[in-house]
Amino acid sequence: MPDHPALPVLDLRQIVAIDALARTRSFKLAAAQLNTTQPTLSRLIAAAEAALGVTLFRRGWSGTEPTPRGDVAARLCHAVVQAVEEADAALSAARPAGPPLRNTLRFVHLLTIEAVAREGSVTRAAERLGRSQPDLSRALSEFQSRYGLPLFTRTPGGMQPLPAALRLAALSAQLRHQLDRLPGALRLLERELTGRVAIGMLPFSGQDLVPKVFARLTLRYPNIRLICVPGSYNGLTEALRRHEIDRIVGILRGPACPSDLIETPLYAERFTVVARQDHPLADGVERIADLADAHWIVAPLGTPVRSHFETLFAGSETLPPTQTCEMLSFAAAEQMLVETRSLAMLTYSDRSLARLRPDLCELRTPFPETPAPIGLTRLPGEEDDPALAAFDSGLAEVVAELHGAQDGAQDGAMTRRPDAGPGAGP
């Protein structure tokens with residue numbers, strides 16, 4: 001019975017579409033890159049997902065993000081695209097003009113060239129592929145005309161492949177081998193914990209939590225897609241509502257939490273005044289007036305840190321000179337203090353204060369010690385998600401190890417429920 005090689009599960013157009021979308025994270029940018037329309041690109045991706053029986057992309061913080069299975073497919077698709085481009089470069093001397101192979105090449109072309117090169121006969125190649133001889137002849141003629149590549153010469157012994165045909169036949173075998181691995185690679189993920197965990201991280205609080213939890217998840221579940229998104233409170237809450245992220249870690253809003261979100265406390269840090277080691281006030285502050293005369297770097301209006309800062313000076317005759325410094329990195333904020341002679345109010349745990357960088361110091365002030373509740377903010381009514389459950393479990397482990405059970409955090413109490421009325425600002 002003739003051997004009829006099956007076409008790969010994905011067409012080259014779908015492979016190129018997957019590769020472009022995975023790299024640009026945007027249907028608009030990928031369509032422009034491929035010189036096609038967004039509806040056409042959407043149809044190619046949908047057809048690929050239907051052929052594989054999996055979801056390859058989903059909407060996320062950075063645009064259109066690959067799913068864990070999409071990551072596997074995208075890596076393999078990129079390898080295929082690279083192989084096609086390498087073959088195109090190798091054949092460029094033999095064809096002075098013509099469209100790039102990646103844009104219009106089809107597997108049917110490659111299989112035809114490979115079969116004729118192997119059999120030395122269009123008739124035998126047609127039998128091998130289960131197609132008619134005229135069909136293969138038309139495919140070869142079409143290919144040679146489109147790409148300006150001579151492929152075979154007729155000899156008494158049959159069809160003699162030219163170097164271009166040998167290169168394309170090798171490419172055909174290479175691509176089929178790569179794509180034959182894709183279904184098996186996707187099946188392997190069925191036995192693994194997969195999914196996406198996207199965590200928004202508020203600036204200047206809980207800075208060590210997310211990296212430590214992600215490190216554990218990476219070791220335990222290497223196929224979970226992990227995303228950390230630093231940002232402002234308003235930006236992250238909107239991303240949470242759009243399901244672009246799954247959780248927010250940082251200072252809780254308490255009564256001012258929006259009514260459609262839920263907060264869960266984890267532990268408490270404390271509001272702390274920090275400066276460089278050689279600051280004139282580094283030896284301690286006895287009067288609030290001394291602090292009012294200093295220059296401050298403060299968090300933006302509407303944040304818990306800024307609200308607390310203004311509350312502390314509410315009874316003084318003058319507010320200190322301030323400069324809003326919107327940095328999303330704790331390390332960047334500390335470096336700003338090193339480069340200036342300013343003071344800043346940040347939040348630290350006792351553990352992180354004990355490890356404060358040596359060129360900074362905590363100032364002793366007349367301010368009362370005030371806790372800054374650190375916790376999770378999320379949407380209510382979430383569906384069960386094993387990947388998110390793994391994150392929550394890992395987070396509980398890290399909090400217990402670093403901070404222990406504080407402020408009743410381990411009882412899972414909610415400081416804000418969606419059925420509560422609107423609260424006042426902090």
# chains A, B, ... in the order shown; residues from 1 in each chain; ligands from 1
call {"tool": "closest_atom_pairs", "arguments": {"of": "region 178-234 of chain A", "to": "region 267-273 of chain A", "cutoff": "12 Å", "atoms": "only C-alpha atoms", "output": "CSV"}}
result
residue,atom,partner,partner_atom,distance
A:Phe204,CA,A:Phe271,CA,10.4
A:Ser205,CA,A:Glu269,CA,7.9
A:Gly206,CA,A:Glu269,CA,8.2
A:Gln207,CA,A:Glu269,CA,11.0
A:Leu209,CA,A:Tyr267,CA,11.1
call {"tool": "residues_around", "arguments": {"residues": "Arg341 (chain A)", "least_positions_apart": "5", "cutoff": "10 Å", "atoms": "only C-alpha atoms", "output": "list in words"}}
result
Ala275, Arg276, Gln277, Asp278, His279, Pro280, Ala294, His295, Trp296, Ile297 and Met336 of chain A
call {"tool": "write_last_selection", "arguments": {"atoms": "N, CA and C atoms", "output": "PDB file, in the first residue's frame"}}
result
ATOM      1  N   ALA A 275      16.549  57.879  55.556  1.00  0.00           N
ATOM      2  CA  ALA A 275      17.429  58.860  54.927  1.00  0.00           C
ATOM      3  C   ALA A 275      18.798  58.229  54.724  1.00  0.00           C
ATOM      4  N   ARG A 276      19.687  58.939  54.024  1.00  0.00           N
ATOM      5  CA  ARG A 276      21.044  58.440  53.877  1.00  0.00           C
ATOM      6  C   ARG A 276      21.777  58.552  55.212  1.00  0.00           C
ATOM      7  N   GLN A 277      22.823  57.765  55.366  1.00  0.00           N
ATOM      8  CA  GLN A 277      23.516  57.650  56.645  1.00  0.00           C
ATOM      9  C   GLN A 277      24.076  58.979  57.139  1.00  0.00           C
ATOM     10  N   ASP A 278      24.528  59.838  56.245  1.00  0.00           N
ATOM     11  CA  ASP A 278      25.158  61.086  56.670  1.00  0.00           C
ATOM     12  C   ASP A 278      24.184  62.255  56.695  1.00  0.00           C
ATOM     13  N   HIS A 279      22.890  61.982  56.720  1.00  0.00           N
ATOM     14  CA  HIS A 279      21.906  63.062  56.782  1.00  0.00           C
ATOM     15  C   HIS A 279      22.048  63.794  58.119  1.00  0.00           C
ATOM     16  N   PRO A 280      21.858  65.117  58.146  1.00  0.00           N
ATOM     17  CA  PRO A 280      21.977  65.857  59.409  1.00  0.00           C
ATOM     18  C   PRO A 280      21.063  65.362  60.520  1.00  0.00           C
ATOM     19  N   ALA A 294      12.739  69.849  56.813  1.00  0.00           N
ATOM     20  CA  ALA A 294      13.492  68.997  55.891  1.00  0.00           C
ATOM     21  C   ALA A 294      12.750  68.866  54.563  1.00  0.00           C
ATOM     22  N   HIS A 295      13.491  68.489  53.532  1.00  0.00           N
ATOM     23  CA  HIS A 295      12.892  68.226  52.231  1.00  0.00           C
ATOM     24  C   HIS A 295      12.515  66.755  52.156  1.00  0.00           C
ATOM     25  N   TRP A 296      11.322  66.493  51.649  1.00  0.00           N
ATOM     26  CA  TRP A 296      10.790  65.121  51.634  1.00  0.00           C
ATOM     27  C   TRP A 296      10.516  64.655  50.215  1.00  0.00           C
ATOM     28  N   ILE A 297      10.733  63.380  50.014  1.00  0.00           N
ATOM     29  CA  ILE A 297      10.241  62.692  48.814  1.00  0.00           C
ATOM     30  C   ILE A 297       9.031  61.880  49.257  1.00  0.00           C
ATOM     31  N   MET A 336      17.244  56.823  45.275  1.00  0.00           N
ATOM     32  CA  MET A 336      16.949  58.253  45.211  1.00  0.00           C
ATOM     33  C   MET A 336      17.360  58.935  46.507  1.00  0.00           C
TER      34      MET A 336
END
call {"tool": "residues_around", "arguments": {"residues": "region 373-381 of chain A", "least_positions_apart": "5", "cutoff": "6 Å", "atoms": "only C-alpha atoms", "output": "ChimeraX atom specification"}}
result
/A:247-252,261-268
call {"tool": "select_by_dssp", "arguments": {"residues": "region 165-325 of chain A", "states": "strand (DSSP E or B)", "output": "JSON, numbers by chain"}}
result
{"A": [195, 196, 197, 198, 199, 200, 201, 224, 225, 226, 227, 228, 229, 230, 247, 248, 249, 250, 251, 262, 263, 264, 265, 266, 267, 268, 269, 270, 271, 272, 273, 274, 275, 276, 296, 297, 298, 322, 323, 324]}
call {"tool": "write_last_selection", "arguments": {"atoms": "N, CA and C atoms", "output": "compact mmCIF listing (two decimals), in the first residue's frame"}}
result
# COMPACT_ATOMS: atom_id res chain seq x y z
N GLY A 195 -1.16 26.96 33.67
CA GLY A 195 -2.02 28.11 33.90
C GLY A 195 -1.19 29.37 33.95
N ARG A 196 -1.86 30.45 34.27
CA ARG A 196 -1.19 31.75 34.35
C ARG A 196 -1.45 32.37 35.71
N VAL A 197 -0.40 32.94 36.30
CA VAL A 197 -0.52 33.69 37.54
C VAL A 197 0.07 35.07 37.27
N ALA A 198 -0.77 36.09 37.26
CA ALA A 198 -0.33 37.47 37.02
C ALA A 198 -0.62 38.29 38.26
N ILE A 199 0.43 38.79 38.89
CA ILE A 199 0.31 39.49 40.15
C ILE A 199 0.72 40.95 39.98
N GLY A 200 -0.16 41.85 40.38
CA GLY A 200 0.18 43.26 40.41
C GLY A 200 0.89 43.59 41.71
N MET A 201 1.97 44.35 41.65
CA MET A 201 2.75 44.65 42.84
C MET A 201 2.79 46.16 43.05
N ILE A 224 3.84 26.65 34.86
CA ILE A 224 2.95 27.78 35.14
C ILE A 224 3.59 29.05 34.58
N ARG A 225 2.79 29.84 33.92
CA ARG A 225 3.28 31.11 33.39
C ARG A 225 3.16 32.17 34.48
N LEU A 226 4.27 32.79 34.85
CA LEU A 226 4.31 33.73 35.97
C LEU A 226 4.56 35.15 35.44
N ILE A 227 3.73 36.09 35.90
CA ILE A 227 3.84 37.47 35.44
C ILE A 227 3.76 38.39 36.66
N CYS A 228 4.74 39.25 36.83
CA CYS A 228 4.73 40.25 37.89
C CYS A 228 4.61 41.63 37.25
N VAL A 229 3.60 42.39 37.69
CA VAL A 229 3.30 43.68 37.05
C VAL A 229 3.36 44.77 38.11
N PRO A 230 4.46 45.53 38.20
CA PRO A 230 4.45 46.69 39.10
C PRO A 230 3.60 47.80 38.53
N ARG A 247 -4.23 39.08 41.04
CA ARG A 247 -4.11 39.52 42.43
C ARG A 247 -3.30 40.81 42.44
N ILE A 248 -3.47 41.59 43.52
CA ILE A 248 -2.60 42.72 43.81
C ILE A 248 -2.01 42.50 45.19
N VAL A 249 -0.72 42.70 45.32
CA VAL A 249 -0.03 42.58 46.61
C VAL A 249 0.48 43.95 47.00
N GLY A 250 0.21 44.36 48.24
CA GLY A 250 0.72 45.64 48.72
C GLY A 250 -0.11 46.17 49.87
N ILE A 251 0.03 47.47 50.16
CA ILE A 251 -0.70 48.07 51.27
C ILE A 251 -2.20 48.03 50.98
N ILE A 262 -12.11 42.66 47.08
CA ILE A 262 -11.95 42.03 48.38
C ILE A 262 -10.49 42.12 48.81
N GLU A 263 -10.26 42.54 50.05
CA GLU A 263 -8.91 42.58 50.61
C GLU A 263 -8.73 41.51 51.67
N THR A 264 -7.58 40.88 51.66
CA THR A 264 -7.24 39.87 52.66
C THR A 264 -5.90 40.25 53.27
N PRO A 265 -5.86 40.54 54.60
CA PRO A 265 -4.59 40.92 55.22
C PRO A 265 -3.64 39.73 55.34
N LEU A 266 -2.35 40.01 55.24
CA LEU A 266 -1.32 38.98 55.37
C LEU A 266 -0.42 39.23 56.57
N TYR A 267 0.11 40.43 56.69
CA TYR A 267 0.96 40.79 57.82
C TYR A 267 1.05 42.31 57.83
N ALA A 268 1.78 42.86 58.80
CA ALA A 268 1.88 44.31 58.91
C ALA A 268 3.34 44.75 58.80
N GLU A 269 3.58 45.75 57.98
CA GLU A 269 4.82 46.49 58.01
C GLU A 269 4.56 47.75 58.82
N ARG A 270 5.49 48.68 58.84
CA ARG A 270 5.22 49.94 59.54
C ARG A 270 5.79 51.11 58.74
N PHE A 271 5.10 52.23 58.87
CA PHE A 271 5.56 53.44 58.21
C PHE A 271 6.86 53.89 58.87
N THR A 272 7.87 54.13 58.04
CA THR A 272 9.22 54.38 58.54
C THR A 272 9.83 55.55 57.79
N VAL A 273 10.51 56.44 58.54
CA VAL A 273 11.24 57.54 57.93
C VAL A 273 12.68 57.09 57.68
N VAL A 274 13.14 57.28 56.44
CA VAL A 274 14.44 56.78 56.02
C VAL A 274 15.22 57.91 55.36
N ALA A 275 16.55 57.88 55.56
CA ALA A 275 17.43 58.86 54.93
C ALA A 275 18.80 58.23 54.72
N ARG A 276 19.69 58.94 54.02
CA ARG A 276 21.04 58.44 53.88
C ARG A 276 21.78 58.55 55.21
N TRP A 296 11.32 66.49 51.65
CA TRP A 296 10.79 65.12 51.63
C TRP A 296 10.52 64.66 50.22
N ILE A 297 10.73 63.38 50.01
CA ILE A 297 10.24 62.69 48.81
C ILE A 297 9.03 61.88 49.26
N VAL A 298 7.89 62.11 48.63
CA VAL A 298 6.65 61.51 49.11
C VAL A 298 5.97 60.73 48.00
N THR A 322 7.83 69.22 49.81
CA THR A 322 7.75 67.84 49.32
C THR A 322 7.91 67.80 47.81
N GLN A 323 8.38 66.66 47.36
CA GLN A 323 8.46 66.39 45.92
C GLN A 323 7.88 65.01 45.68
N THR A 324 6.84 64.95 44.85
CA THR A 324 6.26 63.65 44.54
C THR A 324 7.23 62.86 43.68
call {"tool": "closest_residue", "arguments": {"among": "A:Leu240, A:Leu12, A:Leu219, A:Ile288", "to": "Val81 (chain A)", "atoms": "only C-alpha atoms"}}
result
A:Leu12
